[in-house]
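Coordinates as given in work-v1.txt (compact mmCIF, C-alpha atoms (C1' of nucleotides)):
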# COMPACT_ATOMS: atom_id res chain seq x y z
CA MET A 192 33.40 3.67 17.91
CA SER A 193 32.90 3.55 14.15
CA THR A 194 31.08 6.19 12.14
CA ALA A 195 28.48 3.51 11.40
CA HIS A 196 27.83 3.19 15.13
CA ASN A 197 27.63 6.94 15.44
CA LEU A 198 25.02 7.19 12.74
CA LEU A 199 22.81 4.64 14.49
CA LEU A 200 23.18 6.25 17.92
CA GLU A 201 22.46 9.63 16.45
CA HIS A 202 19.27 8.33 14.87
CA ILE A 203 18.10 6.72 18.06
CA GLY A 204 19.06 9.85 19.93
CA ARG A 205 16.36 11.75 18.08
CA HIS A 206 13.77 9.93 20.17
CA LEU A 207 15.52 9.31 23.50
CA SER A 208 18.87 9.11 25.25
CA PHE A 209 20.75 6.04 26.36
CA SER A 210 23.38 5.80 29.05
CA ALA A 211 26.92 4.93 27.98
CA ALA A 212 26.41 1.41 29.32
CA GLU A 213 23.22 0.99 27.33
CA GLU A 214 24.90 2.23 24.18
CA LYS A 215 27.73 -0.19 24.70
CA ARG A 216 25.35 -3.09 25.19
CA LEU A 217 23.43 -2.20 22.03
CA LEU A 218 26.55 -1.85 19.92
CA SER A 219 27.94 -5.14 21.21
CA LEU A 220 25.17 -7.00 19.41
CA LEU A 221 25.62 -5.28 16.08
CA GLN A 222 27.70 -6.67 13.29
CA GLU A 223 29.23 -4.44 10.64
CA ARG A 224 28.97 -5.69 7.08
CA SER A 225 29.06 -4.43 3.51
CA LEU A 226 27.80 -5.29 0.06
CA LYS A 227 28.95 -4.40 -3.42
CA PRO A 228 26.44 -3.18 -5.99
CA LYS A 229 24.05 -5.94 -7.10
CA GLN A 230 25.00 -8.26 -4.26
CA PHE A 231 22.13 -9.80 -2.34
CA LEU A 232 21.29 -9.56 1.32
CA HIS A 233 18.22 -11.79 1.16
CA HIS A 234 16.79 -14.08 -1.49
CA GLU A 235 13.20 -15.04 -2.19
CA GLY A 236 12.29 -18.14 -0.18
CA GLU A 237 14.94 -17.61 2.51
CA VAL A 238 14.10 -17.04 6.15
CA GLN A 239 15.16 -13.58 7.27
CA LYS A 240 17.23 -13.90 10.45
CA SER A 241 18.21 -10.33 11.12
CA GLN A 242 17.42 -6.78 10.34
CA VAL A 243 19.71 -4.18 8.95
CA PHE A 244 20.50 -0.50 9.52
CA VAL A 245 22.10 1.01 6.42
CA THR A 246 25.07 3.27 7.13
CA SER A 247 26.18 4.11 3.58
CA GLY A 248 25.04 3.38 0.06
CA CYS A 249 21.54 2.10 -0.57
CA LEU A 250 19.66 -1.19 -0.39
CA ARG A 251 16.23 -2.03 -1.75
CA SER A 252 13.57 -4.65 -1.11
CA TYR A 253 11.31 -5.92 -3.86
CA ALA A 254 9.11 -8.79 -4.94
CA ILE A 255 8.82 -10.48 -8.31
CA ASP A 256 5.28 -11.15 -9.49
CA HIS A 257 4.04 -14.10 -11.52
CA ASN A 258 4.80 -12.26 -14.76
CA GLY A 259 8.40 -11.70 -13.76
CA PHE A 260 8.01 -8.00 -12.97
CA GLU A 261 9.86 -6.42 -10.07
CA HIS A 262 7.89 -4.29 -7.62
CA ILE A 263 10.03 -2.27 -5.27
CA LEU A 264 8.69 -1.99 -1.74
CA GLN A 265 11.40 0.13 -0.18
CA PHE A 266 14.62 1.96 -0.84
CA ALA A 267 16.90 2.12 2.18
CA PRO A 268 19.62 4.78 1.96
CA ALA A 269 21.87 5.55 4.94
CA GLY A 270 19.88 5.94 8.14
CA TRP A 271 17.11 3.47 7.25
CA TRP A 272 16.26 0.01 8.52
CA ILE A 273 15.39 -2.71 6.06
CA ALA A 274 14.34 -6.38 6.23
CA ASP A 275 11.79 -8.80 4.85
CA MET A 276 9.59 -8.10 7.81
CA GLN A 277 7.04 -10.80 7.14
CA SER A 278 9.74 -13.42 6.99
CA LEU A 279 11.48 -11.97 10.02
CA LEU A 280 8.32 -12.03 12.13
CA ASP A 281 7.09 -15.45 11.09
CA GLN A 282 10.54 -17.01 10.71
CA ALA A 283 9.16 -18.47 7.51
CA PRO A 284 10.39 -18.27 3.91
CA GLY A 285 9.88 -14.76 2.56
CA LYS A 286 8.82 -13.49 -0.82
CA LEU A 287 11.02 -10.40 -0.86
CA ILE A 288 14.46 -9.93 -2.33
CA ILE A 289 16.89 -7.44 -0.82
CA ASP A 290 19.98 -6.28 -2.66
CA ALA A 291 22.41 -3.39 -2.84
CA ILE A 292 21.91 -0.82 -5.57
CA GLN A 293 25.17 0.86 -4.61
CA ALA A 294 28.24 -0.18 -2.65
CA SER A 295 26.81 -0.17 0.84
CA THR A 296 27.71 -0.70 4.47
CA PHE A 297 25.30 -1.59 7.25
CA LEU A 298 24.87 -2.82 10.79
CA GLN A 299 23.10 -6.10 11.33
CA ILE A 300 21.29 -7.42 14.39
CA SER A 301 19.67 -10.82 14.70
CA ARG A 302 16.04 -11.06 15.61
CA SER A 303 16.78 -13.00 18.76
CA ASP A 304 19.34 -10.45 19.95
CA LEU A 305 16.94 -7.63 19.21
CA ASP A 306 14.18 -9.39 21.15
CA ARG A 307 16.57 -9.69 24.08
CA LEU A 308 17.44 -6.02 23.81
CA TYR A 309 13.79 -5.02 23.90
CA ASP A 310 13.66 -6.52 27.39
CA GLU A 311 16.91 -4.93 28.52
CA LEU A 312 16.40 -1.49 26.98
CA PRO A 313 12.77 -0.38 26.98
CA GLY A 314 13.91 2.79 25.26
CA LEU A 315 14.78 0.74 22.23
CA GLU A 316 11.27 -0.62 22.06
CA ARG A 317 10.01 2.96 22.21
CA HIS A 318 12.32 3.87 19.35
CA PHE A 319 11.03 1.10 17.13
CA ARG A 320 7.43 1.71 18.09
CA LEU A 321 7.83 5.27 16.82
CA LEU A 322 9.55 4.14 13.63
CA LEU A 323 6.81 1.60 12.99
CA GLU A 324 4.09 4.18 13.46
CA ARG A 325 5.73 6.33 10.78
CA SER A 326 6.18 3.32 8.59
CA VAL A 327 2.49 2.46 8.75
CA VAL A 328 1.55 6.02 7.81
CA THR A 329 3.99 5.93 4.89
CA TYR A 330 2.54 2.70 3.52
CA GLN A 331 -1.00 3.98 3.99
CA ASN A 332 -0.18 7.08 2.00
CA ARG A 333 1.53 5.11 -0.71
CA LEU A 334 -1.45 2.78 -0.96
CA LEU A 335 -3.86 5.69 -1.26
CA ASP A 336 -1.63 7.26 -3.90
CA ASN A 337 -1.67 4.07 -5.90
CA LEU A 338 -5.43 3.88 -5.65
CA SER A 339 -6.14 7.47 -6.58
CA LEU A 340 -3.33 9.12 -8.52
CA SER A 341 -2.24 8.87 -12.14
CA ALA A 342 1.19 7.56 -13.07
CA ARG A 343 2.41 11.09 -13.64
CA GLU A 344 1.24 12.24 -10.24
CA ARG A 345 2.89 9.28 -8.57
CA TYR A 346 6.09 10.13 -10.39
CA GLU A 347 5.95 13.71 -9.19
CA ASN A 348 5.33 12.51 -5.64
CA PHE A 349 8.34 10.26 -5.89
CA CYS A 350 10.54 13.14 -7.04
CA LYS A 351 9.42 15.21 -4.07
CA ALA A 352 9.80 12.37 -1.59
CA TYR A 353 13.25 11.19 -2.77
CA PRO A 354 14.93 14.14 -4.53
CA SER A 355 18.37 12.62 -4.02
CA LEU A 356 17.46 9.12 -5.17
CA ILE A 357 15.86 10.31 -8.38
CA ARG A 358 19.27 11.44 -9.61
CA GLU A 359 21.05 8.22 -8.79
CA LEU A 360 18.51 5.60 -9.76
CA PRO A 361 18.09 4.08 -13.20
CA GLN A 362 14.67 4.98 -14.58
CA LYS A 363 13.47 1.40 -14.59
CA GLN A 364 13.80 1.25 -10.81
CA VAL A 365 11.70 4.34 -10.40
CA ALA A 366 9.14 2.64 -12.67
CA ALA A 367 9.23 -0.48 -10.50
CA TYR A 368 8.57 1.66 -7.45
CA ILE A 369 5.72 3.81 -8.71
CA GLY A 370 4.09 0.86 -10.45
CA VAL A 371 4.36 1.37 -14.20
CA THR A 372 6.37 -0.32 -16.94
CA PRO A 373 9.74 1.20 -17.88
CA GLU A 374 8.42 1.76 -21.41
CA PHE A 375 5.50 3.75 -20.15
CA LEU A 376 7.62 5.87 -17.81
CA SER A 377 10.01 6.66 -20.62
CA ARG A 378 7.17 7.70 -22.93
CA MET A 379 5.63 9.78 -20.17
CA LEU A 380 8.84 11.67 -19.40
CA ASN A 381 9.49 12.45 -23.05
CA GLN A 382 6.02 13.76 -23.66
CA PRO A 383 5.09 17.16 -22.34
CA ALA A 384 2.53 17.06 -19.56
CA THR A 385 -0.86 17.97 -21.00
CA ALA A 386 -0.85 21.77 -20.91
CA LYS A 387 -2.88 23.15 -18.08
CA GLY A 388 -4.52 26.52 -17.53
CA MET B 275 -15.86 -4.86 34.24
CA SER B 276 -17.72 -4.57 30.94
CA THR B 277 -17.52 -7.10 28.13
CA ALA B 278 -15.87 -4.37 26.08
CA HIS B 279 -13.09 -4.20 28.67
CA ASN B 280 -12.81 -7.96 28.64
CA LEU B 281 -12.35 -8.05 24.91
CA LEU B 282 -9.49 -5.55 25.09
CA LEU B 283 -7.74 -7.31 27.96
CA GLU B 284 -8.09 -10.62 26.20
CA HIS B 285 -6.49 -9.18 23.07
CA ILE B 286 -3.62 -7.68 25.00
CA GLY B 287 -3.28 -10.93 26.92
CA ARG B 288 -2.27 -12.69 23.72
CA HIS B 289 1.07 -10.90 23.92
CA LEU B 290 1.69 -10.46 27.64
CA SER B 291 0.09 -10.41 31.06
CA PHE B 292 -0.70 -7.41 33.22
CA SER B 293 -1.16 -7.36 36.95
CA ALA B 294 -4.63 -6.51 38.28
CA ALA B 295 -3.36 -3.04 39.19
CA GLU B 296 -2.02 -2.47 35.71
CA GLU B 297 -5.27 -3.59 34.15
CA LYS B 298 -7.17 -1.24 36.39
CA ARG B 299 -4.93 1.66 35.46
CA LEU B 300 -5.34 0.95 31.77
CA LEU B 301 -9.11 0.64 31.95
CA SER B 302 -9.38 3.84 33.96
CA LEU B 303 -8.22 5.82 30.95
CA LEU B 304 -10.63 4.23 28.48
CA GLN B 305 -13.95 5.72 27.59
CA GLU B 306 -16.82 3.61 26.30
CA ARG B 307 -18.75 5.01 23.35
CA SER B 308 -20.97 3.90 20.53
CA LEU B 309 -22.04 4.95 17.05
CA LYS B 310 -25.08 4.18 14.93
CA PRO B 311 -24.65 3.11 11.30
CA LYS B 312 -23.37 5.97 9.11
CA GLN B 313 -22.37 8.15 12.04
CA PHE B 314 -18.90 9.63 11.92
CA LEU B 315 -16.02 9.25 14.32
CA HIS B 316 -13.64 11.53 12.44
CA HIS B 317 -14.06 13.96 9.56
CA GLU B 318 -11.61 15.02 6.89
CA GLY B 319 -9.63 18.02 8.08
CA GLU B 320 -10.14 17.34 11.79
CA VAL B 321 -7.28 16.64 14.16
CA GLN B 322 -7.50 13.11 15.55
CA LYS B 323 -7.21 13.25 19.32
CA SER B 324 -7.65 9.63 20.29
CA GLN B 325 -7.55 6.12 19.04
CA VAL B 326 -10.25 3.56 19.20
CA PHE B 327 -10.58 -0.15 19.97
CA VAL B 328 -13.75 -1.55 18.39
CA THR B 329 -15.71 -3.89 20.64
CA SER B 330 -18.76 -4.58 18.47
CA GLY B 331 -19.96 -3.68 15.01
CA CYS B 332 -17.54 -2.31 12.44
CA LEU B 333 -15.88 1.00 11.60
CA ARG B 334 -13.96 1.95 8.48
CA SER B 335 -11.41 4.59 7.52
CA TYR B 336 -11.27 6.01 4.02
CA ALA B 337 -10.12 8.96 1.95
CA ILE B 338 -11.90 10.80 -0.84
CA ASP B 339 -9.77 11.57 -3.88
CA HIS B 340 -9.96 14.62 -6.13
CA ASN B 341 -12.56 12.90 -8.33
CA GLY B 342 -14.83 12.26 -5.38
CA PHE B 343 -14.09 8.52 -5.13
CA GLU B 344 -13.84 6.81 -1.79
CA HIS B 345 -10.83 4.60 -1.12
CA ILE B 346 -11.14 2.45 1.96
CA LEU B 347 -7.94 2.04 3.94
CA GLN B 348 -9.18 -0.19 6.73
CA PHE B 349 -12.18 -2.05 8.05
CA ALA B 350 -12.17 -2.38 11.84
CA PRO B 351 -14.51 -5.07 13.18
CA ALA B 352 -14.52 -6.01 16.87
CA GLY B 353 -11.00 -6.52 18.20
CA TRP B 354 -9.30 -3.96 15.93
CA TRP B 355 -7.81 -0.54 16.59
CA ILE B 356 -8.57 2.30 14.23
CA ALA B 357 -7.57 5.96 13.88
CA ASP B 358 -6.35 8.49 11.36
CA MET B 359 -2.81 7.70 12.34
CA GLN B 360 -1.13 10.47 10.41
CA SER B 361 -3.36 13.06 12.03
CA LEU B 362 -2.92 11.42 15.42
CA LEU B 363 0.88 11.45 15.21
CA ASP B 364 1.28 14.93 13.81
CA GLN B 365 -1.68 16.45 15.64
CA ALA B 366 -2.50 18.06 12.32
CA PRO B 367 -5.65 18.01 10.19
CA GLY B 368 -6.10 14.58 8.65
CA LYS B 369 -7.32 13.47 5.27
CA LEU B 370 -9.15 10.36 6.42
CA ILE B 371 -12.79 9.90 7.31
CA ILE B 372 -13.85 7.31 9.86
CA ASP B 373 -17.44 6.18 10.21
CA ALA B 374 -19.52 3.25 11.40
CA ILE B 375 -20.81 0.82 8.81
CA GLN B 376 -22.86 -0.95 11.47
CA ALA B 377 -24.11 -0.04 14.93
CA SER B 378 -20.85 -0.19 16.85
CA THR B 379 -19.36 0.16 20.30
CA PHE B 380 -15.77 0.97 21.10
CA LEU B 381 -13.26 2.04 23.72
CA GLN B 382 -11.48 5.32 23.23
CA ILE B 383 -8.17 6.53 24.62
CA SER B 384 -6.63 9.93 24.06
CA ARG B 385 -3.18 10.19 22.59
CA SER B 386 -1.85 11.99 25.64
CA ASP B 387 -3.21 9.33 28.00
CA LEU B 388 -1.78 6.59 25.85
CA ASP B 389 1.61 8.30 25.82
CA ARG B 390 1.47 8.45 29.61
CA LEU B 391 0.57 4.77 29.74
CA TYR B 392 3.52 3.83 27.57
CA ASP B 393 5.76 5.18 30.34
CA GLU B 394 3.82 3.49 33.11
CA LEU B 395 3.25 0.12 31.43
CA PRO B 396 6.14 -0.92 29.19
CA GLY B 397 4.13 -4.04 28.38
CA LEU B 398 1.64 -1.88 26.57
CA GLU B 399 4.36 -0.45 24.40
CA ARG B 400 5.39 -4.02 23.59
CA HIS B 401 1.82 -4.83 22.66
CA PHE B 402 1.55 -1.94 20.24
CA ARG B 403 4.99 -2.55 18.80
CA LEU B 404 3.85 -6.04 17.88
CA LEU B 405 0.57 -4.80 16.42
CA LEU B 406 2.39 -2.19 14.38
CA GLU B 407 4.81 -4.76 12.99
CA ARG B 408 1.85 -6.80 11.75
CA SER B 409 0.23 -3.71 10.42
CA VAL B 410 3.27 -2.79 8.35
CA VAL B 411 3.40 -6.29 6.89
CA THR B 412 -0.31 -6.10 6.04
CA TYR B 413 0.06 -2.79 4.21
CA GLN B 414 3.16 -4.04 2.40
CA ASN B 415 1.25 -7.06 1.17
CA ARG B 416 -1.72 -5.01 0.12
CA LEU B 417 0.53 -2.63 -1.77
CA LEU B 418 2.24 -5.49 -3.58
CA ASP B 419 -1.17 -6.98 -4.39
CA ASN B 420 -2.30 -3.70 -5.88
CA LEU B 421 0.86 -3.48 -7.94
CA SER B 422 0.81 -7.00 -9.28
CA LEU B 423 -2.63 -8.60 -9.19
CA SER B 424 -5.69 -8.21 -11.39
CA ALA B 425 -8.97 -6.93 -10.00
CA ARG B 426 -10.34 -10.46 -9.84
CA GLU B 427 -7.35 -11.74 -7.91
CA ARG B 428 -7.62 -8.86 -5.46
CA TYR B 429 -11.29 -9.66 -5.01
CA GLU B 430 -10.49 -13.29 -4.27
CA ASN B 431 -7.83 -12.24 -1.78
CA PHE B 432 -10.34 -10.02 -0.08
CA CYS B 433 -12.82 -12.88 0.22
CA LYS B 434 -10.17 -15.04 1.83
CA ALA B 435 -8.95 -12.31 4.16
CA TYR B 436 -12.39 -11.15 5.33
CA PRO B 437 -14.82 -14.03 4.82
CA SER B 438 -17.25 -12.60 7.36
CA LEU B 439 -17.17 -9.04 6.04
CA ILE B 440 -17.85 -10.07 2.48
CA ARG B 441 -21.34 -11.19 3.48
CA GLU B 442 -22.21 -8.03 5.35
CA LEU B 443 -20.73 -5.33 3.14
CA PRO B 444 -22.44 -3.68 0.21
CA GLN B 445 -20.58 -4.49 -2.97
CA LYS B 446 -19.57 -0.89 -3.55
CA GLN B 447 -17.55 -0.89 -0.34
CA VAL B 448 -15.67 -3.96 -1.41
CA ALA B 449 -14.98 -2.15 -4.66
CA ALA B 450 -13.70 0.89 -2.77
CA TYR B 451 -11.35 -1.36 -0.82
CA ILE B 452 -9.87 -3.42 -3.65
CA GLY B 453 -9.58 -0.38 -5.89
CA VAL B 454 -12.08 -0.75 -8.72
CA THR B 455 -15.30 1.02 -9.63
CA PRO B 456 -18.57 -0.49 -8.38
CA GLU B 457 -19.68 -0.92 -11.99
CA PHE B 458 -16.64 -2.93 -12.85
CA LEU B 459 -16.92 -5.16 -9.78
CA SER B 460 -20.55 -5.86 -10.57
CA ARG B 461 -19.76 -6.80 -14.16
CA MET B 462 -16.86 -8.96 -13.02
CA LEU B 463 -18.96 -10.91 -10.53
CA ASN B 464 -21.69 -11.57 -13.08
CA GLN B 465 -19.33 -12.79 -15.71
CA PRO B 466 -17.79 -16.22 -15.35
CA ALA B 467 -14.07 -16.20 -14.72
CA THR B 468 -12.27 -17.02 -17.94
CA ALA B 469 -12.24 -20.80 -17.96
CA LYS B 470 -8.92 -22.26 -17.01
CA GLY B 471 -7.29 -25.64 -17.59
C1' DG C 97 39.43 -0.76 -30.44
C1' DC C 98 35.57 -4.11 -30.46
C1' DC C 99 31.84 -6.35 -28.64
C1' DC C 100 28.30 -7.29 -25.55
C1' DG C 101 24.58 -6.45 -22.61
C1' DG C 102 21.81 -3.47 -20.22
C1' DA C 103 19.20 1.12 -20.13
C1' DC C 104 16.53 3.91 -22.65
C1' DT C 105 13.53 5.38 -26.67
C1' DT C 106 9.89 5.02 -29.96
C1' DA C 107 6.02 3.34 -32.40
C1' DA C 108 1.91 0.29 -33.37
C1' DC C 109 -1.27 -2.12 -31.34
C1' DC C 110 -3.97 -4.18 -27.34
C1' DT C 111 -6.90 -4.59 -23.08
C1' DA C 112 -8.32 -4.12 -18.23
C1' DG C 113 -10.78 -1.28 -16.23
C1' DA C 114 -13.11 3.51 -16.27
C1' DT C 115 -16.89 6.38 -17.68
C1' DC C 116 -21.48 7.45 -18.79
C1' DA C 117 -26.12 6.46 -19.27
C1' DT C 118 -30.07 3.75 -18.56
C1' DT C 119 -32.68 0.35 -16.21
C1' DT C 120 -34.02 -2.64 -12.54
C1' DC C 121 -34.40 -3.86 -7.86
C1' DC C 122 -35.40 -3.36 -3.22
C1' DC C 123 -36.66 -1.67 0.96
C1' DA C 124 -37.65 1.83 4.21
C1' DA C 125 -40.34 6.17 5.09
C1' DG C 126 -44.51 8.14 4.73
C1' DC D 209 -49.77 0.78 -0.71
C1' DT D 210 -46.61 4.03 -3.07
C1' DT D 211 -42.71 6.42 -3.61
C1' DG D 212 -38.26 7.61 -3.85
C1' DG D 213 -33.48 6.87 -3.22
C1' DG D 214 -29.59 4.08 -2.86
C1' DA D 215 -27.51 -0.53 -4.62
C1' DA D 216 -26.82 -3.19 -8.27
C1' DA D 217 -26.87 -4.69 -13.35
C1' DT D 218 -25.84 -3.88 -17.97
C1' DG D 219 -24.56 -1.97 -22.43
C1' DA D 220 -21.74 1.29 -25.30
C1' DT D 221 -17.86 3.70 -25.55
C1' DC D 222 -13.35 5.48 -24.08
C1' DT D 223 -8.48 5.66 -22.30
C1' DA D 224 -4.39 5.08 -19.31
C1' DG D 225 -1.24 2.23 -19.33
C1' DG D 226 0.50 -2.53 -20.97
C1' DT D 227 2.62 -5.40 -24.65
C1' DT D 228 5.58 -6.38 -28.35
C1' DA D 229 9.05 -5.35 -31.14
C1' DA D 230 12.49 -2.64 -33.20
C1' DG D 231 15.95 0.36 -32.69
C1' DT D 232 19.71 3.61 -30.32
C1' DC D 233 22.99 4.62 -27.01
C1' DC D 234 26.12 3.91 -23.98
C1' DG D 235 29.95 1.88 -20.59
C1' DG D 236 32.75 -1.77 -19.28
C1' DG D 237 35.46 -6.02 -20.09
C1' DC D 238 38.69 -8.19 -22.99

Rewritten as structure tokens:
Amino acid sequence: MSTAHNLLLEHIGRHLSFSAAEEKRLLSLLQERSLKPKQFLHHEGEVQKSQVFVTSGCLRSYAIDHNGFEHILQFAPAGWWIADMQSLLDQAPGKLIIDAIQASTFLQISRSDLDRLYDELPGLERHFRLLLERSVVTYQNRLLDNLSLSARERYENFCKAYPSLIRELPQKQVAAYIGVTPEFLSRMLNQPATAKG
Amino acid sequence: MSTAHNLLLEHIGRHLSFSAAEEKRLLSLLQERSLKPKQFLHHEGEVQKSQVFVTSGCLRSYAIDHNGFEHILQFAPAGWWIADMQSLLDQAPGKLIIDAIQASTFLQISRSDLDRLYDELPGLERHFRLLLERSVVTYQNRLLDNLSLSARERYENFCKAYPSLIRELPQKQVAAYIGVTPEFLSRMLNQPATAKG
DNA sequence: GCCCGGACTTAACCTAGATCATTTCCCAAG
DNA sequence: CTTGGGAAATGATCTAGGTTAAGTCCGGGC
């Protein structure tokens, strides 16, 4: 069993435990793949056929608005799932782009196989239900942050939430995540915060 | 069986079918309640103990930021679930407020009962997994809209998404949902859109 | 070693939307 | 009917963050 498989089983194991047979069945439907930096997993307008569990490196999903600006929805370092979920659910062309920001490896499972597995392994459905609950909360919090915090506060939140990513990411990608222009983020970081107290 | 119960079973029935015994078991754990306009279901700082399926009227969840502004996360008309999900999952004090914007009735189920039901009725877990998937997509889209659209575009989106609500809601609540001040929304609506074409 | 392109910086200027203050409107309570 | 309080309108002014346009600073390919 590969280390990629181990990482996935370990993650699932945080919620529940599978029998050896169940683990084997799950792994049999997963495909190991990799991407080099800047290679794409999913293009705008494509139909997403499978979802992906990152085992090393880091992927990201983002959309391009009508002014050509990127807005990053998610970073997916090792241990995270990523997909254009809207496209995956509707089996319709998506508006997200997914690419690798570092050399990355991942496990892939098709939607139809996963649907089959949900019937065979109810524990897996439990696992995803729990992940989805957390995911909803995360997006709710991010939405509230965007509605109520200043750019600087959102930047500070990002640093707290992703202390490892902040070191590896180019500044412009942080800008595209927190929702400001790269120029503004640069200016902000090179100006002292307004003195307080 | 009440009409409230019927509404819930009909909604669940869109995804799957329960036996009569399963339906009975589910309904046995639901409590019928109601709220008058402006009454609260959940206050900031409280621990959310149960989640709620609205059967008539409309609830909303919102947070108050450090400037005292309300930001509405969700409207829940009949047929929608609502809760302070973060508080519910962590069983920790929440930051959301939930109240009724109209006279409303709803069915309530405690987190512990629902957890029990997930074990007894795997179909229910399926149902919520599917709802959560849609919910994630909805929040993703709303986040992208907030990052890339103008206030007017977000207003138009809102009108399309909630054509019935737009007629019933005071303008200031629409403002608190799309993320602008009531003053600005008012001015925007009374000024012609910049002519195009 | 040179050149290119992408990441970052900086500065001047611009604008969507916020803030503040005043007024009007409406309707529900007395 | 009148009153008072919230919802909306409206005008003047302000500002966080966007836009445009140079420039600098790399690192990587040839």

Report as a tab-separated table the residues of chain C within 9 Å of range 214-230 of chain D, each with its shortest atom pair and distance in Å (one decimal), using all atoms listed in the file, ordered by chain and increasing residue number.
residue	atom	partner	partner_atom	distance
C:DT106	C1'	D:DA230	C1'	8.7
C:DA107	C1'	D:DA230	C1'	8.8
C:DC109	C1'	D:DT227	C1'	8.4
C:DC110	C1'	D:DT227	C1'	7.2
C:DT111	C1'	D:DG226	C1'	8.0
C:DA114	C1'	D:DT223	C1'	7.9
C:DT115	C1'	D:DC222	C1'	7.4
C:DC116	C1'	D:DT221	C1'	8.5
C:DT118	C1'	D:DT218	C1'	8.7
C:DT119	C1'	D:DA217	C1'	8.2
C:DT120	C1'	D:DA217	C1'	7.5
C:DC121	C1'	D:DA216	C1'	7.6
C:DC122	C1'	D:DA215	C1'	8.5

Need the shell around range 348-362 of chain B: protein/DNA/RNA residues with any atom at most 9 Å away, counting only C-alpha atoms (C1' of nucleotides). Skip same-chain ones fewer than 6 positions apart. Format as a compact mmCIF listing (two decimals) with C-alpha atoms, in the frame of the given file?
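That gives us part-v4.txt:
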# COMPACT_ATOMS: atom_id res chain seq x y z
CA GLU A 324 4.09 4.18 13.46
CA ARG A 325 5.73 6.33 10.78
CA VAL A 327 2.49 2.46 8.75
CA VAL A 328 1.55 6.02 7.81
CA THR A 329 3.99 5.93 4.89
CA LEU B 281 -12.35 -8.05 24.91
CA LEU B 282 -9.49 -5.55 25.09
CA HIS B 285 -6.49 -9.18 23.07
CA HIS B 316 -13.64 11.53 12.44
CA GLY B 319 -9.63 18.02 8.08
CA GLU B 320 -10.14 17.34 11.79
CA VAL B 321 -7.28 16.64 14.16
CA GLN B 322 -7.50 13.11 15.55
CA LYS B 323 -7.21 13.25 19.32
CA SER B 324 -7.65 9.63 20.29
CA GLN B 325 -7.55 6.12 19.04
CA VAL B 326 -10.25 3.56 19.20
CA PHE B 327 -10.58 -0.15 19.97
CA VAL B 328 -13.75 -1.55 18.39
CA THR B 329 -15.71 -3.89 20.64
CA SER B 330 -18.76 -4.58 18.47
CA GLY B 331 -19.96 -3.68 15.01
CA CYS B 332 -17.54 -2.31 12.44
CA LEU B 333 -15.88 1.00 11.60
CA ARG B 334 -13.96 1.95 8.48
CA SER B 335 -11.41 4.59 7.52
CA TYR B 336 -11.27 6.01 4.02
CA GLY B 368 -6.10 14.58 8.65
CA LYS B 369 -7.32 13.47 5.27
CA LEU B 370 -9.15 10.36 6.42
CA ILE B 371 -12.79 9.90 7.31
CA ILE B 372 -13.85 7.31 9.86
CA SER B 378 -20.85 -0.19 16.85
CA THR B 379 -19.36 0.16 20.30
CA PHE B 380 -15.77 0.97 21.10
CA ARG B 385 -3.18 10.19 22.59
CA LEU B 439 -17.17 -9.04 6.04
CA TYR B 451 -11.35 -1.36 -0.82

Worksheet item: Which residues of chain B are close to chain C, meaning at most 8 Å apart when you count only C-alpha atoms (C1' of nucleotides), and how do they look as a PyMOL selection string?
Response: chain B and resi 454-455+458

Discussion item. Which residues are near Phe292 in chain B? Cut-off 12 Å, all atoms listed in the file, ignore same chain within fewer than 2 positions. Put them as a ChimeraX atom specification.
Written reply: /B:283-290,294-301,394-398,400-401

Worksheet entry | Atom-to-atom span, CA of Asp387 in chain B and CA of Ser326 in chain A, Å |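 Computing the Euclidean distance for CA of Asp387 in chain B and CA of Ser326 in chain A yields 22.4 Å.
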
Worksheet entry | Neighbours of chain D in chain A at 12 Å, counting all atoms listed in the file, as a list in words |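 Listing them in order of chain and number gives Leu340, Ser341, Ala342, Arg343, Gly370, Val371, Thr372, Pro373, Glu374, Phe375, Leu376, Arg378 and Met379 of chain A.
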
Taking N, CA and C atoms as the atom set, what does range 321-327 of chain A look like once completed, written as a PDB file, in the coordinates of the input?
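The new file result09.pdb reads:
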ATOM      1  N   LEU A 321       7.995   4.011  17.539  1.00  0.00           N
ATOM      2  CA  LEU A 321       7.830   5.270  16.820  1.00  0.00           C
ATOM      3  C   LEU A 321       8.155   5.114  15.330  1.00  0.00           C
ATOM      4  N   LEU A 322       9.219   4.372  15.034  1.00  0.00           N
ATOM      5  CA  LEU A 322       9.550   4.140  13.630  1.00  0.00           C
ATOM      6  C   LEU A 322       8.426   3.391  12.911  1.00  0.00           C
ATOM      7  N   LEU A 323       7.873   2.405  13.609  1.00  0.00           N
ATOM      8  CA  LEU A 323       6.810   1.600  12.990  1.00  0.00           C
ATOM      9  C   LEU A 323       5.565   2.430  12.748  1.00  0.00           C
ATOM     10  N   GLU A 324       5.249   3.309  13.670  1.00  0.00           N
ATOM     11  CA  GLU A 324       4.090   4.180  13.460  1.00  0.00           C
ATOM     12  C   GLU A 324       4.268   4.978  12.166  1.00  0.00           C
ATOM     13  N   ARG A 325       5.458   5.561  11.993  1.00  0.00           N
ATOM     14  CA  ARG A 325       5.730   6.330  10.780  1.00  0.00           C
ATOM     15  C   ARG A 325       5.668   5.458   9.538  1.00  0.00           C
ATOM     16  N   SER A 326       6.148   4.239   9.716  1.00  0.00           N
ATOM     17  CA  SER A 326       6.180   3.320   8.590  1.00  0.00           C
ATOM     18  C   SER A 326       4.763   2.980   8.129  1.00  0.00           C
ATOM     19  N   VAL A 327       3.878   2.737   9.090  1.00  0.00           N
ATOM     20  CA  VAL A 327       2.490   2.460   8.750  1.00  0.00           C
ATOM     21  C   VAL A 327       1.885   3.626   7.973  1.00  0.00           C
TER      22      VAL A 327
END
